[in-house]
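The file work32.cif comes next; it holds mmCIF, C-alpha atoms.
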data_input
#
loop_
_atom_site.label_atom_id
_atom_site.label_comp_id
_atom_site.auth_asym_id
_atom_site.auth_seq_id
_atom_site.Cartn_x
_atom_site.Cartn_y
_atom_site.Cartn_z
CA MET A 144 -13.82 2.25 4.33
CA VAL A 145 -10.95 1.57 1.96
CA ALA A 146 -9.85 2.92 -1.42
CA ALA A 147 -8.01 1.17 -4.22
CA CYS A 148 -4.98 2.33 -6.17
CA GLY A 149 -3.69 0.63 -9.28
CA ARG A 150 -2.94 2.59 -12.45
CA ILE A 151 -2.08 5.97 -10.95
CA VAL A 152 0.04 5.21 -7.91
CA HIS A 153 1.49 8.44 -6.54
CA HIS A 154 2.30 9.48 -3.01
CA ASN A 155 0.55 12.84 -3.41
CA PHE A 156 -2.74 11.19 -4.37
CA LEU A 157 -2.46 8.80 -1.43
CA GLN A 158 -1.77 11.65 0.96
CA MET A 159 -4.75 13.54 -0.43
CA LEU A 160 -6.97 10.57 0.42
CA GLY A 161 -5.72 10.69 3.98
CA ILE A 162 -6.05 14.45 4.28
CA HIS A 163 -9.69 14.34 3.20
CA GLY A 164 -10.33 11.72 5.88
CA GLY A 165 -12.69 8.78 6.16
CA PHE A 166 -10.48 6.10 4.62
CA GLN A 167 -8.86 3.64 6.98
CA ALA A 168 -6.77 1.85 4.34
CA VAL A 169 -5.72 1.67 0.71
CA TRP A 170 -5.25 -1.50 -1.28
CA PHE A 171 -2.71 -1.59 -4.08
CA ASP A 172 -3.66 -3.55 -7.18
CA LEU A 173 -0.79 -5.73 -8.38
CA GLU A 174 -3.13 -8.14 -10.12
CA HIS A 175 -3.93 -5.85 -13.05
CA MET A 176 -0.81 -3.71 -12.79
CA ASP A 177 2.89 -4.34 -12.30
CA TYR A 178 5.12 -1.78 -10.62
CA SER A 179 8.35 -1.87 -8.69
CA SER A 180 8.90 -2.70 -5.04
CA GLU A 181 10.31 0.79 -4.63
CA LYS A 182 7.06 2.34 -5.86
CA LEU A 183 5.09 0.13 -3.47
CA GLU A 184 7.41 1.10 -0.61
CA ILE A 185 6.74 4.78 -1.32
CA GLY A 186 3.01 4.10 -1.53
CA THR A 187 2.86 2.31 1.81
CA MET A 188 4.97 5.09 3.36
CA ALA A 189 2.52 7.71 2.07
CA CYS A 190 -0.36 5.75 3.60
CA ARG A 191 1.38 5.51 6.96
CA SER A 192 2.04 9.25 6.90
CA GLN A 193 -1.75 9.72 6.98
CA GLN A 194 -2.42 6.97 9.54
CA MET A 195 -3.88 4.67 6.87
CA ASP A 196 -3.10 0.98 6.63
CA SER A 197 -2.52 -0.77 3.31
CA PHE A 198 -2.66 -4.16 1.68
CA VAL A 199 -1.79 -5.54 -1.75
CA ARG A 200 -3.96 -7.57 -4.12
CA LEU A 201 -1.96 -10.25 -5.93
CA ALA A 202 -2.52 -13.21 -8.17
CA PRO A 203 -1.99 -16.30 -5.96
CA THR A 204 0.66 -17.66 -8.29
CA ASP A 205 3.96 -16.33 -7.01
CA TYR A 206 5.29 -17.01 -3.52
CA ALA A 207 7.96 -14.31 -3.74
CA SER A 208 5.52 -11.51 -4.64
CA VAL A 209 3.67 -12.09 -1.35
CA THR A 210 6.71 -11.68 0.86
CA ARG A 211 7.96 -8.71 -1.22
CA ALA A 212 4.67 -6.90 -0.62
CA LEU A 213 4.93 -7.43 3.12
CA GLU A 214 8.59 -6.43 3.24
CA ALA A 215 7.69 -3.25 1.33
CA GLY A 216 5.55 -2.15 4.26
CA ALA A 217 2.06 -3.31 3.31
CA GLY A 218 -0.02 -4.42 6.24
CA GLY A 219 -1.31 -7.44 4.38
CA VAL A 220 -2.03 -9.24 1.14
CA MET A 221 -5.16 -10.31 -0.74
CA ALA A 222 -5.34 -13.21 -3.17
CA ALA A 223 -7.33 -12.63 -6.36
CA GLN A 224 -9.00 -15.22 -8.60
CA VAL A 225 -8.76 -17.98 -6.00
CA ARG A 226 -10.21 -21.32 -7.08
CA SER A 227 -10.23 -23.45 -3.92
CA ALA A 228 -9.70 -23.78 -0.20
CA ALA A 229 -6.44 -25.63 -0.92
CA GLN A 230 -5.14 -22.66 -2.92
CA SER A 231 -6.24 -20.31 -0.13
CA GLU A 232 -4.35 -22.39 2.43
CA GLU A 233 -1.23 -22.23 0.27
CA PHE A 234 -1.52 -18.44 0.05
CA VAL A 235 -1.82 -18.16 3.84
CA GLN A 236 1.32 -20.28 4.23
CA TRP A 237 3.20 -17.98 1.84
CA ALA A 238 2.29 -15.02 4.07
CA LYS A 239 3.14 -16.64 7.42
CA PHE A 240 6.38 -17.76 9.05
CA ALA A 241 6.78 -21.13 10.76
CA PRO A 242 5.07 -22.85 12.40
CA ARG A 243 1.97 -21.62 10.48
CA GLY A 244 3.60 -21.15 7.12
CA CYS A 245 6.71 -21.18 4.99
CA ARG A 246 7.47 -17.52 4.37
CA GLY A 247 11.17 -16.90 3.86
CA LEU A 248 12.71 -15.22 6.88
CA ASN A 249 14.38 -11.95 5.90
CA THR A 250 14.58 -9.07 8.35
CA ALA A 251 15.95 -6.49 5.90
CA GLY A 252 12.56 -4.99 4.96
CA TRP A 253 10.43 -2.27 6.47
CA ASP A 254 8.26 -4.79 8.33
CA ALA A 255 11.27 -5.86 10.41
CA GLN A 256 12.39 -2.23 10.73
CA PHE A 257 15.39 -2.88 8.51
CA ALA A 258 17.00 -5.64 10.56
CA THR A 259 16.50 -3.93 13.91
CA ILE A 260 13.92 -6.44 15.22
CA PRO A 261 15.32 -9.83 16.32
CA ALA A 262 14.28 -12.63 13.99
CA ALA A 263 12.19 -14.62 16.46
CA LYS A 264 10.33 -11.55 17.69
CA PHE A 265 9.77 -10.37 14.12
CA ALA A 266 8.37 -13.73 13.00
CA GLU A 267 5.92 -13.86 15.90
CA GLN A 268 4.89 -10.25 15.40
CA ALA A 269 4.44 -10.61 11.65
CA ASN A 270 2.35 -13.78 12.02
CA ARG A 271 0.12 -12.04 14.52
CA GLU A 272 -0.27 -8.70 12.77
CA SER A 273 -0.10 -9.31 9.00
CA PHE A 274 -3.45 -9.36 7.24
CA VAL A 275 -4.53 -12.03 4.74
CA ALA A 276 -7.66 -11.72 2.61
CA ILE A 277 -9.07 -14.14 0.06
CA GLN A 278 -11.11 -12.77 -2.81
CA ILE A 279 -14.19 -14.78 -3.76
CA GLU A 280 -14.87 -14.05 -7.42
CA THR A 281 -14.92 -17.45 -9.11
CA ALA A 282 -17.69 -20.03 -9.11
CA GLN A 283 -15.22 -22.62 -7.77
CA ALA A 284 -14.27 -20.43 -4.80
CA LEU A 285 -17.93 -19.75 -4.10
CA GLU A 286 -18.53 -23.50 -3.88
CA GLU A 287 -15.77 -23.74 -1.26
CA VAL A 288 -16.37 -20.45 0.55
CA ASP A 289 -17.31 -22.18 3.80
CA ALA A 290 -14.01 -24.08 3.84
CA ILE A 291 -12.11 -20.93 2.86
CA ALA A 292 -13.66 -18.87 5.66
CA ALA A 293 -12.77 -21.64 8.12
CA ILE A 294 -9.02 -21.44 7.41
CA ASP A 295 -6.89 -20.23 10.31
CA GLY A 296 -5.05 -17.17 9.00
CA VAL A 297 -7.74 -15.99 6.59
CA ASP A 298 -8.66 -12.66 8.17
CA LEU A 299 -11.17 -11.45 5.60
CA VAL A 300 -13.21 -12.78 2.69
CA PHE A 301 -13.64 -10.24 -0.10
CA LEU A 302 -16.33 -10.42 -2.78
CA GLY A 303 -15.40 -9.25 -6.27
CA PRO A 304 -18.81 -8.48 -7.87
CA ALA A 305 -17.56 -7.94 -11.42
CA ASP A 306 -15.72 -11.23 -11.86
CA MET A 307 -18.34 -13.06 -9.82
CA SER A 308 -21.03 -11.90 -12.25
CA GLN A 309 -18.80 -13.02 -15.12
CA ASN A 310 -18.20 -16.43 -13.60
CA LEU A 311 -21.91 -16.88 -12.92
CA GLY A 312 -22.72 -16.09 -16.55
CA VAL A 313 -24.48 -12.75 -15.91
CA ILE A 314 -21.77 -10.16 -16.65
CA GLY A 315 -22.57 -6.80 -15.09
CA ASP A 316 -25.99 -7.85 -13.79
CA PHE A 317 -25.05 -7.36 -10.16
CA MET A 318 -28.60 -7.67 -8.82
CA ASN A 319 -29.22 -10.92 -10.68
CA PRO A 320 -30.60 -13.63 -8.36
CA LYS A 321 -27.40 -15.65 -8.91
CA CYS A 322 -25.25 -12.75 -7.67
CA LEU A 323 -27.55 -12.07 -4.72
CA ALA A 324 -27.40 -15.75 -3.77
CA ALA A 325 -23.59 -15.56 -3.89
CA ILE A 326 -23.65 -12.63 -1.45
CA ASP A 327 -25.88 -14.59 0.91
CA ARG A 328 -23.61 -17.61 0.70
CA ILE A 329 -20.51 -15.56 1.50
CA ALA A 330 -22.25 -13.73 4.32
CA ALA A 331 -23.43 -17.02 5.86
CA ALA A 332 -19.97 -18.61 5.69
CA CYS A 333 -18.35 -15.58 7.31
CA ALA A 334 -20.98 -15.40 10.04
CA LYS A 335 -20.52 -19.11 10.76
CA HIS A 336 -16.73 -18.80 11.12
CA LYS A 337 -16.78 -15.32 12.69
CA LYS A 338 -14.82 -13.76 9.85
CA PRO A 339 -15.48 -10.30 8.39
CA TRP A 340 -16.14 -9.85 4.69
CA GLY A 341 -15.71 -6.99 2.28
CA VAL A 342 -16.88 -5.92 -1.16
CA VAL A 343 -16.44 -3.40 -3.95
CA PRO A 344 -19.99 -1.99 -3.95
CA VAL A 345 -21.46 -1.03 -7.31
CA ASN A 346 -23.53 1.83 -5.84
CA PRO A 347 -24.61 3.17 -2.42
CA GLU A 348 -27.75 1.03 -2.35
CA TYR A 349 -25.71 -2.10 -3.03
CA ALA A 350 -23.32 -1.05 -0.25
CA GLN A 351 -26.17 -0.71 2.23
CA MET A 352 -27.54 -4.11 1.24
CA CYS A 353 -24.14 -5.69 1.91
CA VAL A 354 -23.71 -3.89 5.24
CA ASP A 355 -27.15 -5.13 6.26
CA LYS A 356 -25.90 -8.65 5.52
CA GLY A 357 -22.83 -8.22 7.75
CA CYS A 358 -20.24 -6.68 5.40
CA LYS A 359 -17.49 -4.91 7.37
CA MET A 360 -15.26 -3.50 4.61
CA LEU A 361 -16.40 -1.30 1.74
CA SER A 362 -13.98 -0.43 -1.06
CA VAL A 363 -15.78 2.59 -2.43
CA GLY A 364 -13.30 4.18 -4.82
CA ALA A 365 -10.36 3.43 -7.07
CA GLU A 366 -8.10 6.25 -8.14
CA VAL A 367 -9.32 6.21 -11.75
CA ARG A 368 -12.96 6.44 -10.67
CA ILE A 369 -12.18 9.14 -8.11
CA ILE A 370 -10.40 11.24 -10.76
CA ASN A 371 -13.24 10.67 -13.25
CA ALA A 372 -15.76 11.78 -10.63
CA GLY A 373 -13.71 14.95 -10.02
CA ILE A 374 -13.54 15.74 -13.74
CA GLU A 375 -17.27 15.21 -14.15
CA ALA A 376 -17.96 17.44 -11.12
CA VAL A 377 -15.90 20.26 -12.65
CA LYS A 378 -17.70 19.88 -16.00
CA LYS A 379 -21.07 19.93 -14.25
CA ASN A 380 -20.21 23.02 -12.21
CA TYR A 381 -18.79 24.88 -15.19
CA GLY A 382 -20.91 23.23 -17.87
CA LYS A 383 -21.86 26.38 -19.79
CA PHE A 384 -18.18 27.18 -20.38
CA PHE A 385 -17.40 23.82 -22.00
CA LYS A 386 -17.87 23.78 -25.76
#

Mind turning this structure into structure tokens?
Amino acid sequence: MVAACGRIVHHNFLQMLGIHGGFQAVWFDLEHMDYSSEKLEIGTMACRSQQMDSFVRLAPTDYASVTRALEAGAGGVMAAQVRSAAQSEEFVQWAKFAPRGCRGLNTAGWDAQFATIPAAKFAEQANRESFVAIQIETAQALEEVDAIAAIDGVDLVFLGPADMSQNLGVIGDFMNPKCLAAIDRIAAACAKHKKPWGVVPVNPEYAQMCVDKGCKMLSVGAEVRIINAGIEAVKKNYGKFFK
């Protein structure tokens, strides 16, 4: 189980998630938002304080943003709006040191314990431990999902239901046969290549359907939705006092 954090990124909220328990990781949304490396560093530190991992969703358009996310202490990166296997391969190379990739070697970040890990050891460790996910939310990526899942270094395939419905011409109709066929296609590709897949479920029934099809990661709440749910719960409990 993972949670998302994008518009309201604060260490207290992240620690609250950990204190309540149940979440193994948080992903930070730097596709729809833009905040400083320092803020991301504080966010990843707050996650670690509660034994939660973290990863960062990014547009696959900027090499430097990938390495900055990893140096800030995130356990991995996820590419949004991917169009092809070739683009996915490029993203993996941005996240990996030689010989697998072309990530710039800098040991000054948190991931190299601020220059206290020797360069060769750090590169090997980072290549082995850093997490790379590819989000399947475009029709083009869906066509190439088998090739994407086959890439060495792609650790997880992640379905984005909202944009997938948009790209399939059925915005918001998540149970449309086209969307259900997309789920089956992703599930089959991941099963074939022994890769886990994840999703942002639209409701508990949708989540169960995906788990039954082999889904291993559920992103069940973003901070805005969690706060909205809390507000609505208070209003429901104290409804007669609201005018």

Nearest candidate to Lys264 (chain A) (options A:Gln193, A:Glu174, A:Leu248, A:Ala276; using only C-alpha atoms):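 Among the listed residues, the smallest separation from Lys264 (chain A) belongs to A:Leu248.
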
Output check: residues returned by the PyMOL selection byres ((chain A and resi 366) around 12), as a ChimeraX atom specification: /A:145-153,155-157,159-160,169-172,362-365,367-373

Hits from the PyMOL selection byres ((chain A and resi 262) around 12), listed as a list in words: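 That selection, the PyMOL selection byres ((chain A and resi 262) around 12), comes back as Phe240, Ala241, Gly247, Leu248, Asn249, Thr250, Ala251, Gly252, Asp254, Ala255, Gln256, Phe257, Ala258, Thr259, Ile260, Pro261, Ala263, Lys264, Phe265, Ala266, Glu267, Gln268 and Ala269 of chain A.
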
Residue contacts of region 294-305 of chain A (6 Å, only C-alpha atoms) excluding same-chain residues fewer than 6 positions away, as a list in words: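 The contact residues come out as Val275, Ala276, Ile277, Gln278, Ile279, Glu280, Pro339, Trp340, Gly341 and Val342 of chain A.
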
Hits of the PyMOL selection byres ((chain A and resi 332) around 9) in this structure, as a list in words: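 Given this file, the PyMOL selection byres ((chain A and resi 332) around 9) evaluates to Val288, Asp289, Ala290, Ile291, Ala292, Ala293, Asp327, Arg328, Ile329, Ala330, Ala331, Cys333, Ala334, Lys335, His336, Lys337 and Lys338 of chain A.
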
Residue contacts of Val220 (chain A) (7 Å, only C-alpha atoms) excluding same-chain residues fewer than 4 positions away, as number ranges by chain: A: 198-200, 209, 274-276

Save the residues we just selected, C-alpha atoms, as a PDB file, keeping the file's coordinate frame?
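Writing done, so here's selection14.pdb:
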ATOM      1  CA  PHE A 198      -2.660  -4.160   1.680  1.00  0.00           C
ATOM      2  CA  VAL A 199      -1.790  -5.540  -1.750  1.00  0.00           C
ATOM      3  CA  ARG A 200      -3.960  -7.570  -4.120  1.00  0.00           C
ATOM      4  CA  VAL A 209       3.670 -12.090  -1.350  1.00  0.00           C
ATOM      5  CA  PHE A 274      -3.450  -9.360   7.240  1.00  0.00           C
ATOM      6  CA  VAL A 275      -4.530 -12.030   4.740  1.00  0.00           C
ATOM      7  CA  ALA A 276      -7.660 -11.720   2.610  1.00  0.00           C
TER       8      ALA A 276
END

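Distances to Lys359 (chain A) were evaluated for A:Ser208, A:Val225, A:Met144, A:Ala217 using all atoms listed in the file, and the minimum falls at A:Met144.
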
d(CA of Met221 (chain A), CA of Val345 (chain A)) in Å: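 Calculated distance between CA of Met221 (chain A) and CA of Val345 (chain A) is 19.9 Å.
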
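In this model, the gap between CA of Arg211 (chain A) and CA of Trp237 (chain A) comes to 10.9 Å.
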
Distance of CA of Ala168 (chain A) from CA of Gln351 (chain A), expressed in Å to one decimal place: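 CA of Ala168 (chain A) lies 19.7 Å from CA of Gln351 (chain A).
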
Residues within 10 Å of (-11.2, -16.7, -9.5), file coords, only C-alpha atoms, listed as a ChimeraX atom specification: /A:202-203,222-227,278-285,303,306-307,310

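For the set A:Glu232, A:Gly382, A:Ala212, A:Val343, the residue with the smallest atom-to-atom gap to Tyr178 (chain A) is A:Ala212, counting only C-alpha atoms.
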
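Distances from A:Asp196, A:Phe166, A:Tyr206, A:Gly216 to Gly244 (chain A) were compared using all atoms listed in the file, and the smallest one belongs to A:Tyr206.
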
Option closest in space to Gly219 (chain A), from A:Arg271, A:Lys321, A:His175, A:Lys379 [counting all atoms listed in the file]: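 For Gly219 (chain A), the nearest of the candidates is A:Arg271.
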
Take region 159-194 of chain A, model N, CA and C atoms, and hand the result over as a tab-separated table (two decimals), keeping the file's coordinate frame.
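Listing of out.tsv after writing:
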chain	number	residue	atom	x	y	z
A	159	MET	N	-3.49	12.81	-0.29
A	159	MET	CA	-4.75	13.54	-0.43
A	159	MET	C	-5.92	12.73	0.12
A	160	LEU	N	-5.93	11.42	-0.15
A	160	LEU	CA	-6.97	10.57	0.42
A	160	LEU	C	-7.00	10.69	1.94
A	161	GLY	N	-5.81	10.61	2.53
A	161	GLY	CA	-5.72	10.69	3.98
A	161	GLY	C	-6.12	12.05	4.52
A	162	ILE	N	-5.73	13.10	3.83
A	162	ILE	CA	-6.05	14.45	4.28
A	162	ILE	C	-7.57	14.69	4.27
A	163	HIS	N	-8.24	14.17	3.26
A	163	HIS	CA	-9.69	14.34	3.20
A	163	HIS	C	-10.41	13.54	4.28
A	164	GLY	N	-9.77	12.48	4.77
A	164	GLY	CA	-10.33	11.72	5.88
A	164	GLY	C	-11.36	10.69	5.46
A	165	GLY	N	-11.65	9.77	6.38
A	165	GLY	CA	-12.69	8.78	6.16
A	165	GLY	C	-12.20	7.42	5.71
A	166	PHE	N	-11.03	7.37	5.08
A	166	PHE	CA	-10.48	6.10	4.62
A	166	PHE	C	-9.52	5.54	5.66
A	167	GLN	N	-9.75	4.28	6.02
A	167	GLN	CA	-8.86	3.64	6.98
A	167	GLN	C	-7.68	2.93	6.31
A	168	ALA	N	-7.83	2.60	5.02
A	168	ALA	CA	-6.77	1.85	4.34
A	168	ALA	C	-6.87	2.04	2.84
A	169	VAL	N	-5.79	1.69	2.17
A	169	VAL	CA	-5.72	1.67	0.71
A	169	VAL	C	-5.22	0.30	0.30
A	170	TRP	N	-5.84	-0.28	-0.75
A	170	TRP	CA	-5.25	-1.50	-1.28
A	170	TRP	C	-4.67	-1.23	-2.67
A	171	PHE	N	-3.46	-1.76	-2.84
A	171	PHE	CA	-2.71	-1.59	-4.08
A	171	PHE	C	-2.97	-2.79	-4.99
A	172	ASP	N	-3.30	-2.49	-6.24
A	172	ASP	CA	-3.66	-3.55	-7.18
A	172	ASP	C	-2.45	-3.99	-7.99
A	173	LEU	N	-1.88	-5.12	-7.61
A	173	LEU	CA	-0.79	-5.73	-8.38
A	173	LEU	C	-1.26	-6.99	-9.10
A	174	GLU	N	-2.58	-7.11	-9.25
A	174	GLU	CA	-3.13	-8.14	-10.12
A	174	GLU	C	-3.20	-7.61	-11.55
A	175	HIS	N	-3.76	-6.43	-11.72
A	175	HIS	CA	-3.93	-5.85	-13.05
A	175	HIS	C	-2.79	-4.94	-13.46
A	176	MET	N	-1.95	-4.57	-12.50
A	176	MET	CA	-0.81	-3.71	-12.79
A	176	MET	C	0.46	-4.36	-12.27
A	177	ASP	N	1.58	-3.82	-12.70
A	177	ASP	CA	2.89	-4.34	-12.30
A	177	ASP	C	3.84	-3.16	-12.11
A	178	TYR	N	4.18	-2.86	-10.86
A	178	TYR	CA	5.12	-1.78	-10.62
A	178	TYR	C	6.14	-2.22	-9.59
A	179	SER	N	7.17	-1.44	-9.43
A	179	SER	CA	8.35	-1.87	-8.69
A	179	SER	C	8.10	-1.91	-7.19
A	180	SER	N	8.95	-2.66	-6.50
A	180	SER	CA	8.90	-2.70	-5.04
A	180	SER	C	9.15	-1.31	-4.47
A	181	GLU	N	10.02	-0.55	-5.11
A	181	GLU	CA	10.31	0.79	-4.63
A	181	GLU	C	9.06	1.67	-4.67
A	182	LYS	N	8.29	1.56	-5.75
A	182	LYS	CA	7.06	2.34	-5.86
A	182	LYS	C	6.06	1.91	-4.79
A	183	LEU	N	5.98	0.62	-4.52
A	183	LEU	CA	5.09	0.13	-3.47
A	183	LEU	C	5.56	0.61	-2.10
A	184	GLU	N	6.87	0.60	-1.88
A	184	GLU	CA	7.41	1.10	-0.61
A	184	GLU	C	7.01	2.57	-0.39
A	185	ILE	N	7.11	3.38	-1.43
A	185	ILE	CA	6.74	4.78	-1.32
A	185	ILE	C	5.24	4.92	-1.06
A	186	GLY	N	4.45	4.07	-1.73
A	186	GLY	CA	3.01	4.10	-1.53
A	186	GLY	C	2.61	3.74	-0.12
A	187	THR	N	3.21	2.69	0.44
A	187	THR	CA	2.86	2.31	1.81
A	187	THR	C	3.34	3.38	2.80
A	188	MET	N	4.47	4.01	2.50
A	188	MET	CA	4.97	5.09	3.36
A	188	MET	C	4.00	6.27	3.35
A	189	ALA	N	3.48	6.60	2.17
A	189	ALA	CA	2.52	7.71	2.07
A	189	ALA	C	1.25	7.39	2.86
A	190	CYS	N	0.81	6.15	2.81
A	190	CYS	CA	-0.36	5.75	3.60
A	190	CYS	C	-0.09	5.90	5.09
A	191	ARG	N	1.05	5.41	5.53
A	191	ARG	CA	1.38	5.51	6.96
A	191	ARG	C	1.47	6.95	7.42
A	192	SER	N	1.92	7.84	6.53
A	192	SER	CA	2.04	9.25	6.90
A	192	SER	C	0.68	9.86	7.23
A	193	GLN	N	-0.38	9.23	6.73
A	193	GLN	CA	-1.75	9.72	6.98
A	193	GLN	C	-2.54	8.77	7.87
A	194	GLN	N	-1.81	7.92	8.61
A	194	GLN	CA	-2.42	6.97	9.54
A	194	GLN	C	-3.40	6.02	8.84
